[in-house]
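Here the structure is laid out as structure tokens; the discussion comes afterwards.
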Amino acid sequence: QVQLVESGGGLVQAGGSLTLSCAASGLFSLYTMAWFRQDPGNERESVAQIVWNSGYTSYADFVKGRFTISRDKSKNTVYLQMNSLKSEDTAVYYCNALSSVGNHWGQGTQVTVSS
């Protein structure tokens, strides 16, 4: 069974930085890992994605130039480095993994940006 464990959320002032981590465990092959976010009243939206083997990355327009997704293949861990945070980045951030055994979600980690 695949498990995703997220960490790194918290409270930060606008303009500050945070790094989220998501460690995947279980017997599987990873295809992609991604970060999504959701705030109350809105649908969950994609933030960034990384293709596990190639390292190819893609980003939502609203985070381009501010957020960086990366992975450590030896640790089955994906990171989201978030810089120049804005109040509108406040949300619960979810890790997602597409693997040989299905599509998986983490429990979510709260990121709150104070203005």
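Lettering and numbering for the structure tokens are positional, with chains as A, B, ... in the shown order, residues counted from 1 in each chain, and ligands counted from 1 in the shown order.
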Practice item. Excluding stretch 10-12 of chain A and any residue of its chain fewer than 2 positions from it, enumerate the residues within 8 Å of it, using only C-alpha atoms, and give them as an NGL selection string. Key: :A and (8 or 14 or 16-18 or 109-114)
Give me a file of those residues, with N, CA, C and O atoms, as a compact mmCIF listing (two decimals), in the first residue's frame.
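Final output, saved to again_13.txt:
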# COMPACT_ATOMS: atom_id res chain seq x y z
N GLY A 8 6.09 20.22 6.65
CA GLY A 8 6.68 21.50 6.28
C GLY A 8 5.72 22.67 6.22
O GLY A 8 6.15 23.80 5.99
N ALA A 14 3.93 37.25 4.55
CA ALA A 14 3.99 37.50 3.11
C ALA A 14 5.41 37.89 2.72
O ALA A 14 6.08 38.65 3.43
N GLY A 16 7.75 35.68 2.58
CA GLY A 16 8.60 34.65 3.16
C GLY A 16 8.63 33.37 2.33
O GLY A 16 8.07 33.31 1.23
N SER A 17 9.29 32.35 2.90
CA SER A 17 9.47 31.09 2.20
C SER A 17 9.12 29.91 3.09
O SER A 17 9.23 29.99 4.32
N LEU A 18 8.71 28.84 2.47
CA LEU A 18 8.47 27.56 3.13
C LEU A 18 8.85 26.46 2.17
O LEU A 18 8.75 26.64 0.94
N THR A 109 -1.30 19.48 4.23
CA THR A 109 -0.60 20.28 5.23
C THR A 109 -0.98 21.75 5.02
O THR A 109 -1.04 22.23 3.89
N GLN A 110 -1.30 22.41 6.11
CA GLN A 110 -1.80 23.78 6.03
C GLN A 110 -0.64 24.76 5.85
O GLN A 110 0.35 24.71 6.58
N VAL A 111 -0.82 25.64 4.88
CA VAL A 111 0.10 26.77 4.69
C VAL A 111 -0.72 28.05 4.85
O VAL A 111 -1.72 28.23 4.16
N THR A 112 -0.30 28.88 5.78
CA THR A 112 -0.99 30.14 6.03
C THR A 112 0.00 31.28 5.86
O THR A 112 1.05 31.29 6.51
N VAL A 113 -0.35 32.21 4.99
CA VAL A 113 0.50 33.37 4.72
C VAL A 113 -0.19 34.61 5.25
O VAL A 113 -1.29 34.94 4.81
N SER A 114 0.44 35.26 6.21
CA SER A 114 -0.15 36.45 6.81
C SER A 114 0.35 37.70 6.08
O SER A 114 1.52 37.79 5.71
Practice item. Can you pull out every residue within 12 Å of A:Gly108, counting only C-alpha atoms, but drop anything in the same chain fewer than 4 positions away, and send it as a PyMOL selection string? Key: chain A and resi 4-10+20-22+35-39+44+91-96+104
Practice item. Write out as a PyMOL selection string each polymer residue whose atoms come within 8 Å of A:Ala48, counting only C-alpha atoms; drop sequence neighbours fewer than 3 positions from it. Key: chain A and resi 34-36+57-60+68-69
Exercise for review: Run DSSP on the backbone and give me the residues of chain A it puts in strand (DSSP E), as a ChimeraX atom specification.
Suggested key: /A:3-7,10-13,18-25,30-38,45-51,57-59,67-72,77-82,91-99,102-105,109-114
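Among A:Gln3, A:Ser100, A:Ser54, A:Ser87, the residue with the shortest atom-to-atom distance to A:Ser70, counting only C-alpha atoms, is A:Ser54.
Considering the residues A:Gly106, A:Phe67, A:Thr77, A:Val101 and counting only C-alpha atoms, A:Phe28 has its shortest atom-to-atom contact with A:Val101.
Note that the spacing between atom CA of A:Ala23 and atom CA of A:Thr90 amounts to 22.0 Å.
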Revision key, fill the gap. If you count only C-alpha atoms, the residue of A:Ser29, A:Asn76, A:Gln1, A:Gln13 closest to A:Glu88 turns out to be A:Gln13
Review point. Nearest to A:Ser25: which of A:Phe62, A:Asp89, A:Lys75, A:Ile50 is it, counting only C-alpha atoms?
Key: A:Lys75
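Closest to A:Asp72 among A:Val47, A:Leu27, A:Leu98, A:Met33 is A:Met33, based on only C-alpha atoms.
Between atom CA of A:Gly15 and atom CA of A:Tyr79 lies a distance of 19.1 Å.
With only C-alpha atoms as the basis for measurement, A:Trp52 is the residue among A:Leu80, A:Ser46, A:Trp52, A:Asn103 that approaches A:Leu30 most closely.
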